[in-house]
Amino acid sequence: MRYLPNSESDRAAMLKATGRSRVEELFEQIPSELRLRGQLNLPGPLSEPEILEFFRQAASQSSREYVSLLGAGAYSHYIPVAVKALLSRGEFFTAYTPYQAEIAQGTLQAMFEFQTLMTQLTGMEVSNASLYDGSTATAEAVLMAMRVTQRSRLLVARTVHPEYRQVLETFIRHQGIELLQLPYCESGQLDLARLESALNAETAAVVVQSPNFFGTLERTAEIAKVVHQSGALLIVSIAEPLSLAIVKPPCEADIVCGEAQSLGVPVAFGGPYVGFLTAKEKFLRQMPGRLVGQTVDSEGRRGFVLTLATREQHIRREKATSNICTNQSLCALAVTIYLSLLGKSGLRMLAEQNLAKARYAAGQLAAIPGFATPFHGPCFNEFVVRTPGDADELLGELQKRKIIGGLNLERFYPDLRNHLLICVTETVTREAIDRTVEAFSRAASLAIVAQTVERA
Amino acid sequence: MRGSRTCPIPFFEMTAMENRIREARPHVTRNEKLIFERSTPGKSGVDLPPLDVPPVSAEELLGPEFSRGEVEGFPEVSELEVIRHFTRLSSWNYGVDTGLYPLGSCTMKYNPRINEEVARLEGLATDHPYAPEVLVQGALRILHESARCLEEITGMDAVTLQPAAGAQGELTGILMIRAWLSERGNPRKYILIPDSAHGTNPASAAISGYEVRHVKSDARGCVDLAELNRAMTDKVAGLMLTNPNTLGIFESQIREIADLVHARGGLMYMDGANMNALVGMARPADFGVDVMHLNLHKTFTTPHGGGGPGSGPVAAKKLLEPYLPLPVVEQAPDGTFYLDYNRPQSIGRVRAFYGNFGMAVRALAYIQANGFAGLRQTTQDAVLNANYVMSRLKDLFDLPYDRTCMHECVFSDRRQAGRGIRTGDIAKRLIDYGFHPYTTAFPLVVPGAMMIEPTESASKEEMDAFIDALRSIAQEIEENPDFVLKAPYTTRVSRLDEAGAARKPILRWKPSPQPYLWSSDEES
């Protein structure tokens with residue numbers, strides 16, 4: 001086996017040193033009736049070319065030839081090749097959690113930079129070194145708010161990613177927390193009046209997403225004012241943080257968390273991604289996850305260490321702020337490299353391109369007879385389109401022309417029949433947008449003709 | 001003049017010239033500032049393609065309520081500067097690729113390069129989780145095949161790949177136990193956990209709504225059956241057992257333990273963090289385990305990445321299958337793969353989408369590379385290596401449980417503590433010898449623990465050098481303990497002030513009028 005460095009003579013010498021003659025003797029501590037007899041039915045052994053062939057074949061059964069207008073919490077952006085080149089350095093990807101700080105300064109300094117970048121983007125004061133993904137980061141933010149407020153009622157906007165809400169429900173089911181979902185209004189934003197009436201003195205936190213699941217920006221400053229009047233915390237979850245290059249950050253919130261996949265991590269069928277959690281400094285000691293802090297060595301030189309570990313499971317055990325042990329270090333490193341490459345001006349220009357492309361696509365789609373963009377709240381790179389005919393049929397027609405035309409919202413919102421969630425990032429060319437618009441237009445007119453024929 | 005640090009080589013005098021050469025080594029002298037401190041206005045590391053649609057003004061379109069000015073403090077550097085910055089940072093890290101990394105309980109084995117290659121293939125790295133199922137058959141097939149392999153390896157009936165890491169796997173498994181008990185009328189109140197367990201076990205049980213009761217280990221380092229017999233009441237939902245346990249010892253009475261738990265109406269959770277000691281040699285399903293998790297980043301060679309991403313698939317027996325998180329990848333009679341959401345008894349979702357797909361790709365590539373014979377040989381090598389290290393060090397270091405170990409062995413610093421040197425000090429000194437330290441101060445049942453897990457990736461040659469290093473350090477402790485106390489001497493920074501970091505936390509960079517200086521010496 002090519003990964004194993006010991007020869008048969010090495011093994012024999014080592015066995016001898018342990019006083020054994022057969023390696024099986026080392027396994028005699030496992031009762032014989034519990035030991036495996038016979039073989040396992042597993043693939044392999046395969047050589048490298050055979051493995052490559054298997055996965056190339058799998059990769060060919062993919063959507064890679066398709067134009068995709070899918071977003072919904074997983075965003076396709078171009079990733080500069082330097083990101084992969086640097087991530088591939090074994091010193092980064094084959095290291096573990098930096099427990100031995102003196103030989104992990106590379107990871108630690110990069111995480112400190114990640115924390116800084118996240119606070120700069122979100123307008124918060126402190127950031128952790130990342131969490132699993134946006135959904136679990138949002139759930140962790142809620143548990144954190146419960147600890148801070150010692151209250152147990154939770155309000156969540158229906159415009160928060162449906163899968164984030166599902167994960168949240170799993171996390172809080174046994175915590176004695178009451179959860180209420182808040183409706184959206186005509187603009188595609190949280191219904192503020194309903195929020196005001198739902199808030200009370202037991203409310204621990206309100207969770208909103210911005211841009212929300214419909215791509216619409218929430219009025220976080222106004223929401224914060226209302227939420228704080230009742231003594232609750234405002235949690236803003238962000239699934240598309242590229243928006244923060246041009247959109248005012250929710251500085252009025254108490255916790256800003258979310259998913260940083262869109263900043264340098266591939267879509268990769270849903271993971272691995274990278275959650276982030278930033279907050280006001282006064283809540284620092286209730287934060288979940290790893291934190292990297294700056295310190296000095298015995299000669300006064302700057303260095304970095306994992307810090308405030310007394311919040312964590314390996315010390316606090318069942319009283320810890322969270323059960324998580326790892327962060328998503330390598331993905332957080334990808335984000336750090338990506339943001340360093342783009343920098344202040346690159347990130348802004350990229351965000352403006354996303355805004356312009358989505359704006360152009362929305363305008364072209366809304367101009368098709370029977371199509372409309374029903375929510376008038378401001379958007380970043382994602383928006384909702386109402387279609388005249390059956391949305392699934394339209395998507396099927398587009399699929400024939402190698403276009404994935406968006407996500408049918410009915411899957412998560414039964415009240416939004418024939419509504420598509422469409423995302424247009426910088427990776428979608430004008431030619432692809434025009435082709436999509438034309439395909440929608442043709443499919444819809446065919447459907448209308450078919451309906452007319454049916455009625456007649 | 002920089003560097004008042006003590007000479008790193010203890011046993012002979014260095015000449016002044018040798019000293020100067022040592023001072024001049026790049027990783028000591030090269031001062032890589034924070035990326036923010038390298039920044040100069042107007043620079044960027046990317047050029048975007050020209051915009052092919054009409055440009056818009058963000059200020060106008062978003063209005064004053066929503067639009068933002070520039071992001072204060074954001075870096076502005078060229079591509080080359082980014083490459084140099086992170087390449088230099090990487091040189092301050094120690095990884096499995098650098099050398100022996102015997103960090104106990106973490107299983108720091110080789111991460112095959114082919115895994116990285118296939119995970120980045122276009123198609124696999126670019127499929128969207130909401131793309132129509134017919135367009136992502138390759139990805140679904142990989143998930144399905146990975147799950148099938150893990151079922152075969154554990155002997156269990158069903159696997160979910162959704163949990164993002166081991167701790168999430170624990171949470172998932174305990175929630176499944178809770179759901180099963182709840183359907184039978186009473187979720188019960190407690191989870192039993194041995195005192196040698198990893199800290200995530202009690203933390204995960206707590207999030208699942210259980211109170212934790214600890215079970216003491218016996219003199220052999222295993223669960224005390226008499227104690228378990230007392231603790232296992234009808235208020236107990238189940239036992240979370242790590243096997244082999246954190247002492248590297250196989251819980252040989254696990255069948256009796258499982259029978260006892262089952263007889264009192266509870267279920268058995270196995271923490272499979274140490275599955276690398278069992279693959280191809282024994283299957284947890286045969287132990288009486290009802291549900292368990294695996295760590296793809298330990299046993300199945302997906303990279304640790306400096307602390308993640310992990311992946312913590314959960315394997316369950318038939319009785320718990322209905323409670324698996326949503327969705328489950330299934331194969332239709334016509335051979336196509338699909339996501340099954342129609343599972344009314346499911347515990348729900350534990351993570352958005354389908355888990356860390358990229359990790360499943362890597363794990364499957366690893367299983368394929370080995371086949372059954374390779375995996376079995378791998379397990380045997382891992383166990384042989386640990387026993388070899390143990391047998392060659394036990395004359396110098398205290399071995400609290402002197403018996404055959406599985407994949408790791410646990411010494412204690414009891415003998416060295418008499419000279420004022422603790423496990424953490426020995427670990428720091430190992431760094432000077434070119435090794436990553438073992439795990440210190442865990443498991444908690446061994447005061448001053450030194451937990452060594454060479455894994456199958458350690459060659460005999462490297463282990464001999466490691467053994468020699470520890471033997472040499474044992475001698476240094478006898479001759480000059482103070483010298484060991486100040487180690488390491490050869491790293492970019494010396495021991496860091498952790499207490500200071502926690503007392504006045506500095507968790508982000510802030511612009512300061514004074515440029516950062518590498519050390520106070522530079523001012524003069």
# chains A, B, ... in the order shown; residues from 1 in each chain; ligands from 1

call {"tool": "residues_around", "arguments": {"residues": "Gly420 of chain B", "least_positions_apart": "3", "cutoff": "8 Å", "atoms": "only C-alpha atoms", "output": "MDAnalysis selection string"}}
result
chainID B and resid 416:417 481

call {"tool": "write_last_selection", "arguments": {"atoms": "C-alpha atoms", "output": "PDB file, in the first residue's frame"}}
result
ATOM      1  CA  GLN B 416       9.606  14.118  35.615  1.00  0.00           C
ATOM      2  CA  ALA B 417       7.196  16.129  37.764  1.00  0.00           C
ATOM      3  CA  PRO B 481      15.459  20.987  34.304  1.00  0.00           C
TER       4      PRO B 481
END

call {"tool": "residues_around", "arguments": {"residues": "Arg414 of chain B", "least_positions_apart": "2", "cutoff": "8 Å", "atoms": "only C-alpha atoms", "output": "PDB file with N, CA and C atoms, in the first residue's frame"}}
result
ATOM      1  N   PHE B 397       9.474   6.692  31.200  1.00  0.00           N
ATOM      2  CA  PHE B 397       8.279   7.485  31.514  1.00  0.00           C
ATOM      3  C   PHE B 397       7.236   6.588  32.174  1.00  0.00           C
ATOM      4  N   ASP B 398       6.511   7.178  33.097  1.00  0.00           N
ATOM      5  CA  ASP B 398       5.501   6.436  33.841  1.00  0.00           C
ATOM      6  C   ASP B 398       4.350   6.023  32.921  1.00  0.00           C
ATOM      7  N   SER B 412       2.511   9.242  31.636  1.00  0.00           N
ATOM      8  CA  SER B 412       2.300  10.435  32.455  1.00  0.00           C
ATOM      9  C   SER B 412       3.661  11.017  32.821  1.00  0.00           C
ATOM     10  N   GLN B 416       8.954  12.842  35.925  1.00  0.00           N
ATOM     11  CA  GLN B 416       9.606  14.118  35.615  1.00  0.00           C
ATOM     12  C   GLN B 416       9.059  15.248  36.483  1.00  0.00           C
ATOM     13  N   ALA B 417       7.806  15.077  36.944  1.00  0.00           N
ATOM     14  CA  ALA B 417       7.196  16.129  37.764  1.00  0.00           C
ATOM     15  C   ALA B 417       8.004  16.368  39.030  1.00  0.00           C
ATOM     16  N   GLY B 418       8.675  15.332  39.515  1.00  0.00           N
ATOM     17  CA  GLY B 418       9.527  15.471  40.692  1.00  0.00           C
ATOM     18  C   GLY B 418      10.645  16.484  40.475  1.00  0.00           C
ATOM     19  N   GLY B 448      -1.230  14.759  34.225  1.00  0.00           N
ATOM     20  CA  GLY B 448       0.015  14.962  33.487  1.00  0.00           C
ATOM     21  C   GLY B 448       0.158  14.031  32.293  1.00  0.00           C
TER      22      GLY B 448
END

call {"tool": "select_by_dssp", "arguments": {"residues": "segment 39-194 of chain B", "states": "alpha helix (DSSP H)", "output": "number ranges by chain"}}
result
B: 58-66, 79-90, 113-119, 137-154, 166-183

call {"tool": "select_by_dssp", "arguments": {"residues": "segment 278-450 of chain B", "states": "strand (DSSP E or B)", "output": "ChimeraX atom specification"}}
result
/B:282,291-294,314-316,328-331,337-340,398,409-412,439-440,449-450

call {"tool": "write_last_selection", "arguments": {"atoms": "N, CA and C atoms", "output": "mmCIF file, in the first residue's frame"}}
result
data_model
loop_
_atom_site.group_PDB
_atom_site.id
_atom_site.type_symbol
_atom_site.label_atom_id
_atom_site.label_comp_id
_atom_site.auth_asym_id
_atom_site.auth_seq_id
_atom_site.Cartn_x
_atom_site.Cartn_y
_atom_site.Cartn_z
ATOM 1 N N ALA B 282 -12.444 -5.275 13.313
ATOM 2 C CA ALA B 282 -13.643 -5.519 14.119
ATOM 3 C C ALA B 282 -14.698 -4.489 13.731
ATOM 4 N N VAL B 291 -25.730 3.250 17.720
ATOM 5 C CA VAL B 291 -25.463 4.411 16.867
ATOM 6 C C VAL B 291 -24.078 4.944 17.209
ATOM 7 N N MET B 292 -23.399 5.454 16.212
ATOM 8 C CA MET B 292 -22.015 5.917 16.416
ATOM 9 C C MET B 292 -21.688 6.994 15.386
ATOM 10 N N HIS B 293 -20.601 7.714 15.624
ATOM 11 C CA HIS B 293 -20.117 8.604 14.568
ATOM 12 C C HIS B 293 -18.693 8.221 14.192
ATOM 13 N N LEU B 294 -18.314 8.663 13.013
ATOM 14 C CA LEU B 294 -16.954 8.470 12.509
ATOM 15 C C LEU B 294 -16.375 9.843 12.235
ATOM 16 N N VAL B 314 -22.768 9.699 10.763
ATOM 17 C CA VAL B 314 -23.368 8.885 11.820
ATOM 18 C C VAL B 314 -23.875 7.584 11.215
ATOM 19 N N ALA B 315 -23.524 6.469 11.868
ATOM 20 C CA ALA B 315 -23.964 5.149 11.429
ATOM 21 C C ALA B 315 -24.900 4.586 12.481
ATOM 22 N N ALA B 316 -26.000 3.998 12.028
ATOM 23 C CA ALA B 316 -27.014 3.527 12.980
ATOM 24 C C ALA B 316 -27.523 2.149 12.610
ATOM 25 N N VAL B 328 -32.013 11.908 3.106
ATOM 26 C CA VAL B 328 -31.160 10.726 2.988
ATOM 27 C C VAL B 328 -30.999 10.397 1.504
ATOM 28 N N VAL B 329 -29.786 10.095 1.072
ATOM 29 C CA VAL B 329 -29.554 9.751 -0.335
ATOM 30 C C VAL B 329 -29.977 8.298 -0.561
ATOM 31 N N GLU B 330 -30.852 8.080 -1.518
ATOM 32 C CA GLU B 330 -31.338 6.731 -1.815
ATOM 33 C C GLU B 330 -31.152 6.424 -3.292
ATOM 34 N N GLN B 331 -31.179 5.135 -3.616
ATOM 35 C CA GLN B 331 -31.097 4.724 -5.008
ATOM 36 C C GLN B 331 -32.425 4.101 -5.413
ATOM 37 N N PHE B 337 -30.105 8.043 -8.437
ATOM 38 C CA PHE B 337 -30.010 8.429 -7.033
ATOM 39 C C PHE B 337 -30.921 9.619 -6.775
ATOM 40 N N TYR B 338 -31.478 9.676 -5.574
ATOM 41 C CA TYR B 338 -32.342 10.804 -5.224
ATOM 42 C C TYR B 338 -32.243 11.098 -3.732
ATOM 43 N N LEU B 339 -32.739 12.287 -3.372
ATOM 44 C CA LEU B 339 -32.737 12.718 -1.973
ATOM 45 C C LEU B 339 -34.116 12.450 -1.388
ATOM 46 N N ASP B 340 -34.154 11.636 -0.344
ATOM 47 C CA ASP B 340 -35.433 11.281 0.263
ATOM 48 C C ASP B 340 -35.740 12.235 1.421
ATOM 49 N N ASP B 398 6.511 7.178 33.097
ATOM 50 C CA ASP B 398 5.501 6.436 33.841
ATOM 51 C C ASP B 398 4.350 6.023 32.921
ATOM 52 N N CYS B 409 -0.812 5.359 22.928
ATOM 53 C CA CYS B 409 -0.446 5.002 24.292
ATOM 54 C C CYS B 409 -0.382 6.273 25.133
ATOM 55 N N VAL B 410 -0.665 6.132 26.409
ATOM 56 C CA VAL B 410 -0.714 7.296 27.291
ATOM 57 C C VAL B 410 0.272 7.120 28.446
ATOM 58 N N PHE B 411 1.311 7.939 28.454
ATOM 59 C CA PHE B 411 2.252 8.005 29.569
ATOM 60 C C PHE B 411 1.838 9.142 30.486
ATOM 61 N N SER B 412 2.511 9.242 31.636
ATOM 62 C CA SER B 412 2.300 10.435 32.455
ATOM 63 C C SER B 412 3.661 11.017 32.821
ATOM 64 N N THR B 439 -0.191 14.816 22.577
ATOM 65 C CA THR B 439 -1.262 15.561 23.251
ATOM 66 C C THR B 439 -0.961 15.655 24.740
ATOM 67 N N THR B 440 -1.084 16.864 25.285
ATOM 68 C CA THR B 440 -0.778 17.065 26.700
ATOM 69 C C THR B 440 -2.063 17.145 27.517
ATOM 70 N N ALA B 449 -0.948 13.802 31.591
ATOM 71 C CA ALA B 449 -0.940 12.825 30.491
ATOM 72 C C ALA B 449 -0.031 13.248 29.335
ATOM 73 N N MET B 450 0.614 12.238 28.747
ATOM 74 C CA MET B 450 1.401 12.409 27.521
ATOM 75 C C MET B 450 0.855 11.373 26.544
#

call {"tool": "residues_around", "arguments": {"residues": "Asn186 of chain B", "least_positions_apart": "2", "cutoff": "12 Å", "atoms": "only C-alpha atoms", "output": "ChimeraX atom specification"}}
result
/B:177-184,188-190,234-237,265-266

call {"tool": "residues_around", "arguments": {"residues": "Arg311 of chain A", "least_positions_apart": "2", "cutoff": "8 Å", "atoms": "only C-alpha atoms", "output": "VMD selection string"}}
result
chain A and resid 285 to 288 308 to 309 313 315 to 316 320 to 321

call {"tool": "write_last_selection", "arguments": {"atoms": "C-alpha atoms", "output": "PDB file, in the first residue's frame"}}
result
ATOM      1  CA  ARG A 285     -17.464  35.616  26.904  1.00  0.00           C
ATOM      2  CA  GLN A 286     -20.685  34.033  25.688  1.00  0.00           C
ATOM      3  CA  MET A 287     -19.365  33.459  22.175  1.00  0.00           C
ATOM      4  CA  PRO A 288     -19.079  29.912  20.832  1.00  0.00           C
ATOM      5  CA  LEU A 308     -10.568  32.347  26.252  1.00  0.00           C
ATOM      6  CA  ALA A 309     -10.697  28.555  26.087  1.00  0.00           C
ATOM      7  CA  GLN A 313     -16.074  21.978  25.840  1.00  0.00           C
ATOM      8  CA  ILE A 315     -12.570  22.541  29.829  1.00  0.00           C
ATOM      9  CA  ARG A 316     -16.195  23.251  30.644  1.00  0.00           C
ATOM     10  CA  ALA A 320     -19.556  24.815  27.696  1.00  0.00           C
ATOM     11  CA  THR A 321     -20.916  27.576  25.447  1.00  0.00           C
TER      12      THR A 321
END

call {"tool": "residues_around", "arguments": {"residues": "Gly307 of chain B", "least_positions_apart": "4", "cutoff": "6 Å", "atoms": "only C-alpha atoms", "output": "PyMOL selection string"}}
result
chain A and resi 96-97+326-327+329
